[in-house]
file work35.tsv (TSV, C-alpha atoms)
chain	number	residue	atom	x	y	z
E	251	MET	CA	-66.43	-4.20	-71.71
E	252	ALA	CA	-68.02	-7.31	-73.18
E	253	LEU	CA	-71.27	-7.18	-75.10
E	254	THR	CA	-73.98	-9.59	-74.09
E	255	GLN	CA	-77.40	-10.58	-75.41
E	256	GLN	CA	-80.22	-9.14	-73.31
E	257	PHE	CA	-83.94	-9.93	-73.30
E	258	ALA	CA	-87.01	-8.58	-71.56
E	259	ARG	CA	-90.54	-9.98	-71.47
E	260	VAL	CA	-93.06	-7.15	-71.52
E	261	THR	CA	-96.74	-6.53	-72.13
E	262	PRO	CA	-97.83	-4.53	-75.14
E	263	ARG	CA	-99.35	-2.11	-72.60
E	264	TYR	CA	-95.95	-1.61	-70.96
E	265	LEU	CA	-94.42	-0.87	-74.37
E	266	ALA	CA	-97.16	1.70	-75.00
E	267	GLN	CA	-96.39	3.34	-71.64
E	268	CYS	CA	-92.69	3.50	-72.51
E	269	ARG	CA	-93.50	4.93	-75.94
E	270	ALA	CA	-95.65	7.63	-74.32
E	271	ALA	CA	-92.95	8.41	-71.73
E	272	ALA	CA	-90.34	8.79	-74.49
E	273	ALA	CA	-92.64	11.10	-76.45
E	274	MET	CA	-93.20	13.31	-73.39
E	275	SER	CA	-89.58	13.36	-72.20
E	276	SER	CA	-87.30	16.16	-73.36
E	277	ASP	CA	-84.50	13.64	-73.99
E	278	GLY	CA	-86.69	10.76	-75.20
E	279	ASN	CA	-86.20	8.67	-72.05
E	280	PRO	CA	-88.76	5.84	-72.20
E	281	ASP	CA	-88.52	5.07	-68.44
E	282	TRP	CA	-87.55	1.52	-69.40
E	283	ASP	CA	-87.44	-0.65	-66.29
E	284	PRO	CA	-88.94	-4.10	-66.87
E	285	PRO	CA	-89.19	-6.39	-63.83
E	286	GLU	CA	-85.93	-8.19	-63.08
E	287	GLU	CA	-87.67	-11.58	-63.16
E	288	ASP	CA	-88.68	-10.83	-66.77
E	289	THR	CA	-85.18	-10.07	-67.98
E	290	VAL	CA	-82.31	-12.35	-68.87
E	291	ASP	CA	-78.72	-11.95	-69.97
E	292	LEU	CA	-77.67	-14.80	-72.26
E	293	ASP	CA	-74.07	-13.67	-72.42
E	294	TRP	CA	-72.72	-14.53	-75.89
E	295	ALA	CA	-73.79	-18.19	-75.89
E	296	ILE	CA	-76.34	-18.09	-78.70
E	297	TRP	CA	-73.94	-16.14	-80.92
E	298	GLY	CA	-71.42	-18.96	-80.46
E	299	LEU	CA	-74.08	-21.56	-81.21
E	300	ILE	CA	-75.04	-19.74	-84.41
E	301	TRP	CA	-71.37	-19.39	-85.37
E	302	PHE	CA	-70.83	-23.12	-84.84
E	303	CYS	CA	-73.97	-24.04	-86.81
E	304	GLN	CA	-72.82	-21.86	-89.70
E	305	ARG	CA	-69.35	-23.42	-89.69
E	306	MET	CA	-70.79	-26.93	-89.60
E	307	GLN	CA	-73.32	-26.01	-92.29
E	308	ILE	CA	-76.23	-27.03	-90.09
E	309	GLU	CA	-79.62	-26.65	-91.76
E	310	GLU	CA	-80.22	-23.01	-92.68
E	311	GLN	CA	-83.68	-22.99	-91.08
E	312	CYS	CA	-82.09	-23.88	-87.75
E	313	ILE	CA	-79.76	-20.89	-88.05
E	314	ARG	CA	-82.62	-18.58	-89.06
E	315	ASN	CA	-84.65	-19.73	-86.05
E	316	LEU	CA	-81.78	-18.99	-83.68
E	317	GLN	CA	-81.08	-15.63	-85.30
E	318	ARG	CA	-84.72	-14.56	-85.09
E	319	SER	CA	-84.81	-15.45	-81.40
E	320	ILE	CA	-82.01	-12.99	-80.64
E	321	SER	CA	-82.60	-10.34	-83.34
E	322	GLY	CA	-86.36	-9.85	-83.24
E	323	ASP	CA	-88.45	-8.98	-86.26
E	324	SER	CA	-87.85	-6.00	-88.50
E	325	GLY	CA	-90.59	-3.46	-88.88
E	326	ASP	CA	-91.82	-3.54	-85.29
E	327	ASP	CA	-91.85	-0.03	-83.89
E	328	VAL	CA	-89.63	0.11	-80.81
E	329	GLU	CA	-87.41	2.95	-82.02
E	330	PHE	CA	-88.30	4.83	-78.83
E	331	LEU	CA	-86.09	2.32	-76.98
E	332	ASP	CA	-83.07	3.64	-78.90
E	333	HIS	CA	-81.94	5.53	-75.82
E	334	PRO	CA	-78.84	5.36	-73.56
E	335	GLU	CA	-81.02	4.46	-70.55
E	336	VAL	CA	-81.98	1.23	-72.34
E	337	TYR	CA	-78.77	0.10	-74.05
E	338	ASP	CA	-75.28	1.37	-74.76
E	339	GLY	CA	-75.84	2.15	-78.44
E	340	PHE	CA	-72.94	-0.01	-79.63
E	341	ASP	CA	-75.02	-2.17	-81.96
E	342	ALA	CA	-78.49	-2.07	-83.47
E	343	ALA	CA	-81.31	-0.64	-81.39
E	344	PRO	CA	-83.52	-3.01	-79.40
E	345	ALA	CA	-85.81	-5.22	-81.47
E	346	LEU	CA	-89.24	-6.61	-80.73
E	347	LEU	CA	-90.99	-9.92	-81.09
E	348	ALA	CA	-94.73	-9.33	-80.61
E	349	PRO	CA	-96.71	-11.96	-78.65
E	350	ALA	CA	-97.77	-13.82	-81.83
E	351	ALA	CA	-94.14	-13.92	-83.01
E	352	VAL	CA	-93.04	-15.12	-79.57
E	353	ALA	CA	-95.37	-18.11	-79.96
E	354	GLU	CA	-93.75	-18.86	-83.33
E	355	VAL	CA	-90.26	-18.62	-81.83
E	356	VAL	CA	-91.27	-21.02	-79.04
E	357	ARG	CA	-92.43	-23.54	-81.65
E	358	ASP	CA	-89.27	-23.03	-83.74
E	359	LEU	CA	-86.92	-23.38	-80.75
E	360	ALA	CA	-88.77	-26.49	-79.57
E	361	SER	CA	-88.10	-28.07	-82.97
E	362	LEU	CA	-84.33	-27.70	-82.51
E	363	ASP	CA	-82.35	-30.56	-81.01
E	364	ILE	CA	-79.35	-29.10	-79.20
E	365	ASP	CA	-77.64	-32.48	-78.95
E	366	ASP	CA	-77.98	-32.95	-82.69
E	367	MET	CA	-76.71	-29.42	-83.35
E	368	LEU	CA	-73.65	-30.06	-81.18
E	369	SER	CA	-73.00	-33.61	-82.40
E	370	HIS	CA	-69.91	-32.46	-84.31
E	371	LEU	CA	-68.53	-30.24	-81.57
E	372	PRO	CA	-64.92	-31.30	-81.03
E	373	THR	CA	-64.14	-33.11	-77.79
E	374	ASP	CA	-60.98	-31.08	-77.27
E	375	SER	CA	-61.85	-27.97	-75.20
E	376	PHE	CA	-59.65	-25.57	-77.18
E	377	ALA	CA	-60.90	-26.83	-80.56
E	378	ALA	CA	-64.53	-26.74	-79.38
E	379	ALA	CA	-64.18	-23.18	-78.11
E	380	GLU	CA	-62.55	-22.14	-81.37
E	381	ALA	CA	-65.35	-23.84	-83.35
E	382	CYS	CA	-67.80	-21.54	-81.55
E	383	ASP	CA	-65.58	-18.46	-81.95
E	384	PHE	CA	-65.08	-18.33	-78.16
E	385	ARG	CA	-61.59	-16.92	-77.90
E	386	GLY	CA	-60.22	-17.29	-74.40
E	387	PHE	CA	-63.03	-19.56	-73.20
E	388	ASN	CA	-61.97	-21.69	-70.22
E	389	GLY	CA	-63.06	-25.32	-70.40
E	390	HIS	CA	-65.29	-27.08	-72.88
E	391	PRO	CA	-68.21	-24.95	-74.12
E	392	ARG	CA	-70.79	-27.75	-74.53
E	393	THR	CA	-72.40	-27.35	-71.10
E	394	TYR	CA	-72.38	-23.57	-71.47
E	395	LEU	CA	-74.16	-23.81	-74.85
E	396	VAL	CA	-76.71	-26.39	-73.70
E	397	GLU	CA	-77.58	-24.46	-70.53
E	398	HIS	CA	-77.97	-21.15	-72.32
E	399	PHE	CA	-80.03	-22.70	-75.12
E	400	ALA	CA	-82.35	-24.22	-72.48
E	401	LEU	CA	-82.57	-20.82	-70.78
E	402	LEU	CA	-83.50	-19.20	-74.12
E	403	GLN	CA	-86.22	-21.81	-74.71
E	404	SER	CA	-87.57	-21.42	-71.19
E	405	PHE	CA	-87.57	-17.62	-71.35
E	406	TYR	CA	-89.58	-17.64	-74.57
E	407	ARG	CA	-91.91	-20.39	-73.36
E	408	VAL	CA	-92.86	-18.33	-70.28
E	409	ALA	CA	-93.34	-15.22	-72.44
E	410	SER	CA	-95.65	-17.15	-74.75
E	411	GLN	CA	-97.64	-18.68	-71.89
E	412	ARG	CA	-98.19	-15.21	-70.44
E	413	GLY	CA	-98.96	-13.57	-73.82
E	414	LEU	CA	-95.94	-11.25	-73.59
E	415	ALA	CA	-93.73	-9.63	-76.18
E	416	VAL	CA	-89.94	-10.04	-76.07
E	417	VAL	CA	-87.51	-7.17	-76.57
E	418	ALA	CA	-83.96	-8.16	-77.51
E	419	TRP	CA	-80.84	-5.99	-77.52
E	420	LEU	CA	-77.10	-6.04	-76.98
E	421	ASP	CA	-75.55	-4.33	-74.02

call {"tool": "encode", "arguments": {"input": "work35.tsv", "output": "structure tokens"}}
result
Amino acid sequence: MALTQQFARVTPRYLAQCRAAAAMSSDGNPDWDPPEEDTVDLDWAIWGLIWFCQRMQIEEQCIRNLQRSISGDSGDDVEFLDHPEVYDGFDAAPALLAPAAVAEVVRDLASLDIDDMLSHLPTDSFAAAEACDFRGFNGHPRTYLVEHFALLQSFYRVASQRGLAVVAWLD
């Protein structure tokens, strides 16, 4: 079973409903079921991009921006989502980026130049995959990284335009 990075765009009202459902449920089930069009699975692409940026000693702010986009902010109360119906419990519980933080992440991601970040990615497929810690990756990872980074940007941009929060977790 491979772990992948999951996201959901939700309203603060929906989060409040889930919190109330968890409080009323005997097993804490939050009845988590965001609309499919507001969820995305980014596989492990952004982890590989962060790994590569760290290895290449890319600007620390770039790495922090990427990490925040997938890890959320600490201190936001979504502990009620720490339930097997939401995620498998392998890693940290789901994390939240409130609508104001989503707008910041959109700005931060827009400031990143994926071509510049990947300018030192080896041309050899095996070496490039290894540089991103992608063991067993078939082919060159550049397209995979660029496409998933664009998907991350787009997902957050839509969330910001609609005034939504983003919940991030591993599953």

call {"tool": "atom_distance", "arguments": {"input": "work35.tsv", "atom1": "atom CA of Asp374 of chain E", "atom2": "atom CA of Arg392 of chain E"}}
result
10.7 Å

call {"tool": "closest_residue", "arguments": {"input": "work35.tsv", "among": "E:Glu309, E:Glu287, E:Asp293, E:Glu329", "to": "Arg269 of chain E", "atoms": "only C-alpha atoms"}}
result
E:Glu329

call {"tool": "residues_around", "arguments": {"input": "work35.tsv", "residues": "Cys382 of chain E", "least_positions_apart": "3", "cutoff": "9 Å", "atoms": "only C-alpha atoms", "output": "PyMOL selection string"}}
result
chain E and resi 295+297-303+305+371+377-379+385+391

call {"tool": "residues_around", "arguments": {"input": "work35.tsv", "residues": "Ser321 of chain E", "least_positions_apart": "2", "cutoff": "8 Å", "atoms": "all atoms listed in the file", "output": "mmCIF file with C-alpha atoms, in the coordinates of the input"}}
result
data_model
loop_
_atom_site.group_PDB
_atom_site.id
_atom_site.type_symbol
_atom_site.label_atom_id
_atom_site.label_comp_id
_atom_site.auth_asym_id
_atom_site.auth_seq_id
_atom_site.Cartn_x
_atom_site.Cartn_y
_atom_site.Cartn_z
ATOM 1 C CA GLN E 317 -81.080 -15.630 -85.300
ATOM 2 C CA ARG E 318 -84.720 -14.560 -85.090
ATOM 3 C CA SER E 319 -84.810 -15.450 -81.400
ATOM 4 C CA ASP E 323 -88.450 -8.980 -86.260
ATOM 5 C CA ALA E 345 -85.810 -5.220 -81.470
ATOM 6 C CA ALA E 418 -83.960 -8.160 -77.510
ATOM 7 C CA TRP E 419 -80.840 -5.990 -77.520
#

call {"tool": "closest_residue", "arguments": {"input": "work35.tsv", "among": "E:Pro280, E:Pro262, E:Pro285, E:Pro372", "to": "His333 of chain E", "atoms": "all atoms listed in the file"}}
result
E:Pro280

call {"tool": "residues_around", "arguments": {"input": "work35.tsv", "residues": "Thr393 of chain E", "least_positions_apart": "3", "cutoff": "12 Å", "atoms": "all atoms listed in the file", "output": "list in words"}}
result
Ala295, Leu299, Ile364, Asp365, Leu368, Leu371, Ser375, Ala378, Ala379, Asn388, Gly389, His390, Val396, Glu397, His398, Phe399 and Ala400 of chain E

call {"tool": "atom_distance", "arguments": {"input": "work35.tsv", "atom1": "atom CA of Arg407 of chain E", "atom2": "atom CA of Phe330 of chain E"}}
result
26.1 Å

call {"tool": "residues_around", "arguments": {"input": "work35.tsv", "residues": "Val408 of chain E", "least_positions_apart": "5", "cutoff": "12 Å", "atoms": "all atoms listed in the file", "output": "ChimeraX atom specification"}}
result
/E:258-260,287-289,349,352-353,355-356,401-403,413-416

call {"tool": "closest_residue", "arguments": {"input": "work35.tsv", "among": "E:Asp366, E:Asp327, E:Asp358, E:Glu335", "to": "Tyr406 of chain E", "atoms": "all atoms listed in the file"}}
result
E:Asp358

call {"tool": "atom_distance", "arguments": {"input": "work35.tsv", "atom1": "atom CA of Leu292 of chain E", "atom2": "atom CA of Val328 of chain E"}}
result
20.9 Å

call {"tool": "axis_aligned_box", "arguments": {"input": "work35.tsv", "around": "segment 318-328 of chain E", "padding_each_side": "5 Å", "output": "JSON"}}
result
{"center_x": -86.9, "center_y": -7.7, "center_z": -84.8, "size_x": 19.8, "size_y": 25.6, "size_z": 18.2}
